[in-house]
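Peer 1: Can you keep this structure in mind? I'll have questions shortly.
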Amino acid sequence: MSTADIESTVARLTGPGGPLELETVEGPAGPVRRFARREGSIRELIDRSAKRGDAEFLVQGGRRLTFEQFAGLVRGASLMMAGQLGLRRGDRVAVVGANSIDWLVAVFGAVCAGGVAVVLNDHWTADELAFAVEDSGARFHFADPALAEQIGAVESSAEWPAVTIDETDPFVIMYTSGTTGRPKGCITTHQGTLAQVRSVILKAVLDRELTGDSGAGGPRRQPALLATSPLFHVSGLHAAICLSLATGTKVVFPTGRFDPAEVLRLIEEERITAWGGVPTMIHRVVDCPDIERRDLTSLESVVSGGAPLPPDVLARAQKTLGVKASLGNGYGLTETHGAVTMNAGRSLVERPTSVGRPSPLVDLRIVAEDGVVLPAGEVGEIQVRGVIVTPGYWNRPADNAAAFTDGWFRTGDAGWLDGDGFLHLADRLKDMIIRGGENVYSVEVEDALGSATEIDECAVFGLPDADLGERVAAVVVLVPGASTDEAELRALVGRQLARYKIPDRILVSDEPLPRNATGKIDKAELRARYRAVLAGGG
């Protein structure tokens, strides 16, 4: 398909009178585009979804809820929080637990009572959780194992609390790994979330238009999504749950830890039509022996996110899953409520190394270190602007000032645009490792290692890994006369940080760490020097 075809179809769909018409309004940082017809809050989204009645919405183990039942429970939870608990508009409500129906009722109940949900990583240590709760100023807390008991007592209702919700109000605060060693609370709003949802719908309509799929041929069965992404990520809460509320999609949660055999069983038994996961999950599923005996013919699309999908994994997935025209690879951030670009179907086949073109809601540019906007083909920092961009980090004025330039969000990621406007990722400017879809900032691990009195200096970096995308590696130099070993250091990190942040390998070196001309540790040199040694250690 040509760029002209894409642009003319987008113009027809989003122009005046179009089914997904866009309008331009003045935002805090300049003009932004938004959908002319839209819900004003997440509460309106739930009300609209409830009209689907007894169509199934949530499935987990033996528990099944319809759209109407879910809406009733969320209303009941909202009334309980506003009345019994005394939640006021703007109050933060911390929720931590494994993916579950009760988790969703708690989060949406808090939000629809005018609160702000603070969704926390259930793999974090007690210290990490305590920091986020204190930092967010959460007045109320729902946490496993008591969460199910607290929410299970909620009675269904047809009414909402008497509270006004504005579309610019915060929806959820999600903590992202921080470059200063502590995570930052990224604010996602009702407006940004709903705009992201409609943006994904626009992308689906655009794809159908461009491929000539009119949807004719009789009624289709209800779409069904297998949700394996954590709900404390935008890929789980925003892209999976909120989108499914808007599209009438059944959402199926696996129980327990990620298991590729269980994923394949659920795809077959629940007739799953869509599944999204990080490259590690897709890699493990396509290589699972059970794939040969499972009926996967219901599967229509598979979307990868969280990190670039390696070409070899993409090729195996295209061959094994049989959905070559519907595989997708995208680029997005918590700070953009999810996807900024998406490349799928025929376009992905034509440009397998690209993550796609920007959403019509987003302006995207590539900028050099000196602030000059770069032309096509040149690598620089990816910067984005639009209604889906976060208003900022919770109580972090200094971080907000550093993250935005004249209304443009500085992603910290490097990439380049080709002549047709397709984005290609080059590297990460931020000192971050993506291990199995989880973000690990080197500095927080370095801070943990540096707390050991035996360590003189240390450096943490990522090493390529076929299964996890990257593994966390560290090189440490001990103070003269000190002694320790890898097991002790890994245990030290484990007492301070989540398990996925613990280095898979730690090399104790008797040589000073290499430094560049400015005195900073040269991690490129470290990778080159120690890669074979660290990788060979398993």
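A note on labels: chains of the structure tokens are A, B, ... as shown, every chain counts residues from 1, and ligands are counted from 1 in their shown order.
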Tell me, counting only C-alpha atoms, for each residue of region 190-298 of chain A within 12 Å of region 374-386 of chain A, which pair of atoms is nearest and how far apart they are in Å to one decimal, in rows ordered by chain and increasing number, as JSON lines.
Peer 2:
{"residue": "A:Gln191", "atom": "CA", "partner": "A:Gly386", "partner_atom": "CA", "distance": 11.3}
{"residue": "A:Gly192", "atom": "CA", "partner": "A:Gly386", "partner_atom": "CA", "distance": 9.1}
{"residue": "A:Ala195", "atom": "CA", "partner": "A:Gly386", "partner_atom": "CA", "distance": 10.0}
{"residue": "A:Gln196", "atom": "CA", "partner": "A:Gly386", "partner_atom": "CA", "distance": 10.6}
{"residue": "A:Ser199", "atom": "CA", "partner": "A:Gly386", "partner_atom": "CA", "distance": 11.9}
Peer 1: Produce a file of the selected residues containing C-alpha atoms, as a PDB file, in the first residue's frame.
Peer 2:
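Dumped to part-v9.pdb:
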ATOM      1  CA  GLN A 191      -9.050  11.754  28.307  1.00  0.00           C
ATOM      2  CA  GLY A 192      -5.744  10.207  27.285  1.00  0.00           C
ATOM      3  CA  ALA A 195      -8.334   8.807  23.142  1.00  0.00           C
ATOM      4  CA  GLN A 196      -5.893   5.889  23.014  1.00  0.00           C
ATOM      5  CA  SER A 199      -7.049   5.524  18.271  1.00  0.00           C
TER       6      SER A 199
END
Peer 1: How would you write, as number ranges by chain, the set of residues in region 175-407 of chain A that DSSP gives as strand (DSSP E)?
Peer 2: A: 175-176, 184-189, 224-227, 250-253, 274-277, 301-304, 327-333, 338-344, 357-358, 362-367, 380-386, 404-405
Peer 1: What's the 12 Å shell around Arg490 (chain A), counting only C-alpha atoms, without same-chain residues fewer than 3 positions away, as a ChimeraX atom specification?
Peer 2: /A:445-446,448-449,452,472-474,476,484-487,493-507
Peer 1: Just the selected residues (C-alpha atoms), exported as a PDB file, in the first residue's frame, please.
Peer 2:
ATOM      1  CA  VAL A 445      20.503  -1.914  40.466  1.00  0.00           C
ATOM      2  CA  GLU A 446      23.813  -0.069  40.728  1.00  0.00           C
ATOM      3  CA  ALA A 448      21.582  -1.621  45.367  1.00  0.00           C
ATOM      4  CA  LEU A 449      24.984  -3.144  44.615  1.00  0.00           C
ATOM      5  CA  ALA A 452      27.670  -3.199  49.846  1.00  0.00           C
ATOM      6  CA  VAL A 472      20.737  -8.002  33.490  1.00  0.00           C
ATOM      7  CA  ALA A 473      24.508  -8.183  33.889  1.00  0.00           C
ATOM      8  CA  ALA A 474      26.875  -6.421  36.271  1.00  0.00           C
ATOM      9  CA  VAL A 476      31.834  -4.944  40.168  1.00  0.00           C
ATOM     10  CA  THR A 484      32.423 -11.393  48.307  1.00  0.00           C
ATOM     11  CA  ASP A 485      30.925 -13.555  45.622  1.00  0.00           C
ATOM     12  CA  GLU A 486      28.165 -13.489  43.036  1.00  0.00           C
ATOM     13  CA  ALA A 487      25.621 -15.299  45.214  1.00  0.00           C
ATOM     14  CA  VAL A 493      20.022  -6.890  45.408  1.00  0.00           C
ATOM     15  CA  GLY A 494      17.127  -9.269  46.024  1.00  0.00           C
ATOM     16  CA  ARG A 495      16.589  -7.832  49.492  1.00  0.00           C
ATOM     17  CA  GLN A 496      16.119  -4.359  47.994  1.00  0.00           C
ATOM     18  CA  LEU A 497      14.554  -4.843  44.564  1.00  0.00           C
ATOM     19  CA  ALA A 498      12.104  -7.043  42.710  1.00  0.00           C
ATOM     20  CA  ARG A 499      13.399 -10.412  41.582  1.00  0.00           C
ATOM     21  CA  TYR A 500      13.413  -9.528  37.880  1.00  0.00           C
ATOM     22  CA  LYS A 501      15.881  -6.715  38.639  1.00  0.00           C
ATOM     23  CA  ILE A 502      18.473  -9.058  40.164  1.00  0.00           C
ATOM     24  CA  PRO A 503      21.442  -9.435  37.783  1.00  0.00           C
ATOM     25  CA  ASP A 504      21.514 -12.818  36.094  1.00  0.00           C
ATOM     26  CA  ARG A 505      25.317 -12.583  36.117  1.00  0.00           C
ATOM     27  CA  ILE A 506      27.696 -10.570  38.276  1.00  0.00           C
ATOM     28  CA  LEU A 507      31.362 -10.556  37.407  1.00  0.00           C
TER      29      LEU A 507
END
Peer 1: Can you check which residues of region 279-338 of chain A DSSP gives as alpha helix (DSSP H) on the backbone and send them as number ranges by chain?
Peer 2: A: 279-286, 311-321
Peer 1: Per residue of region 220-264 of chain A within 12 Å of region 67-82 of chain A, record the nearest atom pair and its distance in Å to one decimal, counting only C-alpha atoms, with rows in chain order and ascending residue number, as a Markdown table.
Peer 2:
| residue | atom | partner | partner_atom | distance |
| --- | --- | --- | --- | --- |
| A:Ile241 | CA | A:Phe67 | CA | 11.8 |
| A:Ser244 | CA | A:Phe67 | CA | 10.2 |
| A:Leu245 | CA | A:Phe67 | CA | 8.0 |
| A:Ala246 | CA | A:Phe67 | CA | 10.7 |
| A:Thr247 | CA | A:Phe67 | CA | 11.2 |
| A:Gly248 | CA | A:Phe67 | CA | 8.1 |
| A:Thr249 | CA | A:Phe67 | CA | 9.6 |
| A:Lys250 | CA | A:Phe67 | CA | 9.0 |
| A:Val251 | CA | A:Phe67 | CA | 10.7 |
Peer 1: Contacts of Leu299 (chain A) at 6 Å or less, counting only C-alpha atoms, minus same-chain residues fewer than 3 places along, as a list of chain:residue names?
Peer 2: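 Final neighbour list, sorted by chain and number: A:Ile272, A:Thr273, A:Ala274, A:Leu296.
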Peer 1: If you keep N, CA and C atoms, can you produce a file of those selected residues as a PDB file, in the first residue's frame?
Peer 2:
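Once written, part_16.pdb looks like this:
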ATOM      1  N   ILE A 272     -10.015 -17.964  21.355  1.00  0.00           N
ATOM      2  CA  ILE A 272      -9.367 -16.657  21.418  1.00  0.00           C
ATOM      3  C   ILE A 272      -9.100 -16.139  20.007  1.00  0.00           C
ATOM      4  N   THR A 273      -9.456 -14.872  19.782  1.00  0.00           N
ATOM      5  CA  THR A 273      -9.208 -14.255  18.471  1.00  0.00           C
ATOM      6  C   THR A 273      -7.992 -13.333  18.482  1.00  0.00           C
ATOM      7  N   ALA A 274      -7.611 -12.831  19.664  1.00  0.00           N
ATOM      8  CA  ALA A 274      -6.479 -11.900  19.738  1.00  0.00           C
ATOM      9  C   ALA A 274      -5.665 -12.171  20.992  1.00  0.00           C
ATOM     10  N   LEU A 296      -5.598 -23.719  16.824  1.00  0.00           N
ATOM     11  CA  LEU A 296      -5.421 -22.281  16.965  1.00  0.00           C
ATOM     12  C   LEU A 296      -6.115 -21.506  15.848  1.00  0.00           C
TER      13      LEU A 296
END
Peer 1: Need to verify the contact set: region 300-302 of chain A, 8 Å, only C-alpha atoms, exclusion of same-chain residues closer than 6 positions in sequence. Can you return it as a list in words?
Peer 2: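 Answer for this query is Thr273, Ala274, Trp275, Gly276, Gly277, Val323, Ser326, Leu327 and Gly328 of chain A.
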Peer 1: Sorted by chain and rising residue number, list the residues of region 198-292 of chain A at most 8 Å from region 430-441 of chain A (counting only C-alpha atoms), each with its closest atom pair and distance in Å to one decimal, as CSV.
Peer 2:
residue,atom,partner,partner_atom,distance
A:Val278,CA,A:Gly437,CA,5.4
A:Pro279,CA,A:Gly436,CA,7.4
A:Thr280,CA,A:Gly436,CA,5.4
A:Met281,CA,A:Gly436,CA,7.8
Peer 1: Please dump the current selection as a PDB file, in the first residue's frame; keep C-alpha atoms.
Peer 2:
ATOM      1  CA  VAL A 278       6.012  -9.117  25.049  1.00  0.00           C
ATOM      2  CA  PRO A 279       8.498 -10.836  22.702  1.00  0.00           C
ATOM      3  CA  THR A 280       9.551 -13.244  25.476  1.00  0.00           C
ATOM      4  CA  MET A 281       5.982 -14.586  25.780  1.00  0.00           C
TER       5      MET A 281
END
Peer 1: Tell me which protein, DNA and RNA residues are within 12 Å of region 393-409 of chain A, counting only C-alpha atoms, leaving out same-chain ones fewer than 6 positions away, and put them as a PyMOL selection string.
Peer 2: chain A and resi 26-32+92+116+118+132-138+170+172-180+182-189+333-336+340+362-367+371+373+381-387+430
Peer 1: What's the 10 Å shell around region 289-295 of chain A, counting only C-alpha atoms, without same-chain residues fewer than 4 positions away, as a PDB file with N, CA and C atoms, in the first residue's frame?
Peer 2:
ATOM      1  N   PRO A 260       3.253 -21.168  28.789  1.00  0.00           N
ATOM      2  CA  PRO A 260       2.915 -21.240  27.363  1.00  0.00           C
ATOM      3  C   PRO A 260       1.926 -22.351  27.035  1.00  0.00           C
ATOM      4  N   ALA A 261       1.991 -23.471  27.745  1.00  0.00           N
ATOM      5  CA  ALA A 261       1.040 -24.553  27.494  1.00  0.00           C
ATOM      6  C   ALA A 261      -0.381 -24.127  27.877  1.00  0.00           C
ATOM      7  N   GLU A 262      -0.508 -23.372  28.978  1.00  0.00           N
ATOM      8  CA  GLU A 262      -1.811 -22.860  29.403  1.00  0.00           C
ATOM      9  C   GLU A 262      -2.343 -21.834  28.407  1.00  0.00           C
ATOM     10  N   VAL A 263      -1.465 -21.014  27.870  1.00  0.00           N
ATOM     11  CA  VAL A 263      -1.863 -20.042  26.842  1.00  0.00           C
ATOM     12  C   VAL A 263      -2.465 -20.763  25.637  1.00  0.00           C
ATOM     13  N   LEU A 264      -1.800 -21.799  25.203  1.00  0.00           N
ATOM     14  CA  LEU A 264      -2.283 -22.546  24.037  1.00  0.00           C
ATOM     15  C   LEU A 264      -3.612 -23.238  24.344  1.00  0.00           C
ATOM     16  N   ARG A 265      -3.757 -23.763  25.551  1.00  0.00           N
ATOM     17  CA  ARG A 265      -5.029 -24.409  25.926  1.00  0.00           C
ATOM     18  C   ARG A 265      -6.179 -23.412  25.899  1.00  0.00           C
ATOM     19  N   LEU A 266      -5.946 -22.227  26.449  1.00  0.00           N
ATOM     20  CA  LEU A 266      -7.007 -21.223  26.495  1.00  0.00           C
ATOM     21  C   LEU A 266      -7.357 -20.698  25.107  1.00  0.00           C
ATOM     22  N   ILE A 267      -6.366 -20.546  24.250  1.00  0.00           N
ATOM     23  CA  ILE A 267      -6.653 -20.116  22.872  1.00  0.00           C
ATOM     24  C   ILE A 267      -7.614 -21.098  22.212  1.00  0.00           C
ATOM     25  N   GLU A 268      -7.371 -22.371  22.424  1.00  0.00           N
ATOM     26  CA  GLU A 268      -8.228 -23.396  21.822  1.00  0.00           C
ATOM     27  C   GLU A 268      -9.608 -23.440  22.479  1.00  0.00           C
ATOM     28  N   GLU A 269      -9.667 -23.531  23.798  1.00  0.00           N
ATOM     29  CA  GLU A 269     -10.939 -23.766  24.489  1.00  0.00           C
ATOM     30  C   GLU A 269     -11.834 -22.535  24.546  1.00  0.00           C
ATOM     31  N   ARG A 271     -11.683 -20.085  22.300  1.00  0.00           N
ATOM     32  CA  ARG A 271     -11.754 -19.565  20.931  1.00  0.00           C
ATOM     33  C   ARG A 271     -11.234 -18.130  20.888  1.00  0.00           C
ATOM     34  N   ARG A 284       8.221 -17.972  23.753  1.00  0.00           N
ATOM     35  CA  ARG A 284       7.996 -19.201  24.509  1.00  0.00           C
ATOM     36  C   ARG A 284       6.790 -19.979  23.978  1.00  0.00           C
ATOM     37  N   VAL A 285       5.783 -19.269  23.517  1.00  0.00           N
ATOM     38  CA  VAL A 285       4.597 -19.953  22.996  1.00  0.00           C
ATOM     39  C   VAL A 285       4.884 -20.635  21.660  1.00  0.00           C
ATOM     40  N   LEU A 299      -7.537 -17.854  16.197  1.00  0.00           N
ATOM     41  CA  LEU A 299      -6.625 -16.735  16.408  1.00  0.00           C
ATOM     42  C   LEU A 299      -6.510 -15.885  15.141  1.00  0.00           C
ATOM     43  N   THR A 320       4.320 -20.430  12.456  1.00  0.00           N
ATOM     44  CA  THR A 320       3.684 -21.354  13.399  1.00  0.00           C
ATOM     45  C   THR A 320       2.238 -21.021  13.697  1.00  0.00           C
ATOM     46  N   LEU A 321       1.946 -19.730  13.884  1.00  0.00           N
ATOM     47  CA  LEU A 321       0.601 -19.343  14.300  1.00  0.00           C
ATOM     48  C   LEU A 321      -0.387 -19.210  13.148  1.00  0.00           C
TER      49      LEU A 321
END
Peer 1: At what distance in Å, to one decimal, does CA of Ser304 (chain A) lie from CA of Gly236 (chain A)?
Peer 2: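 Taking CA of Gly236 (chain A) and CA of Ser304 (chain A), their separation equals 12.5 Å.
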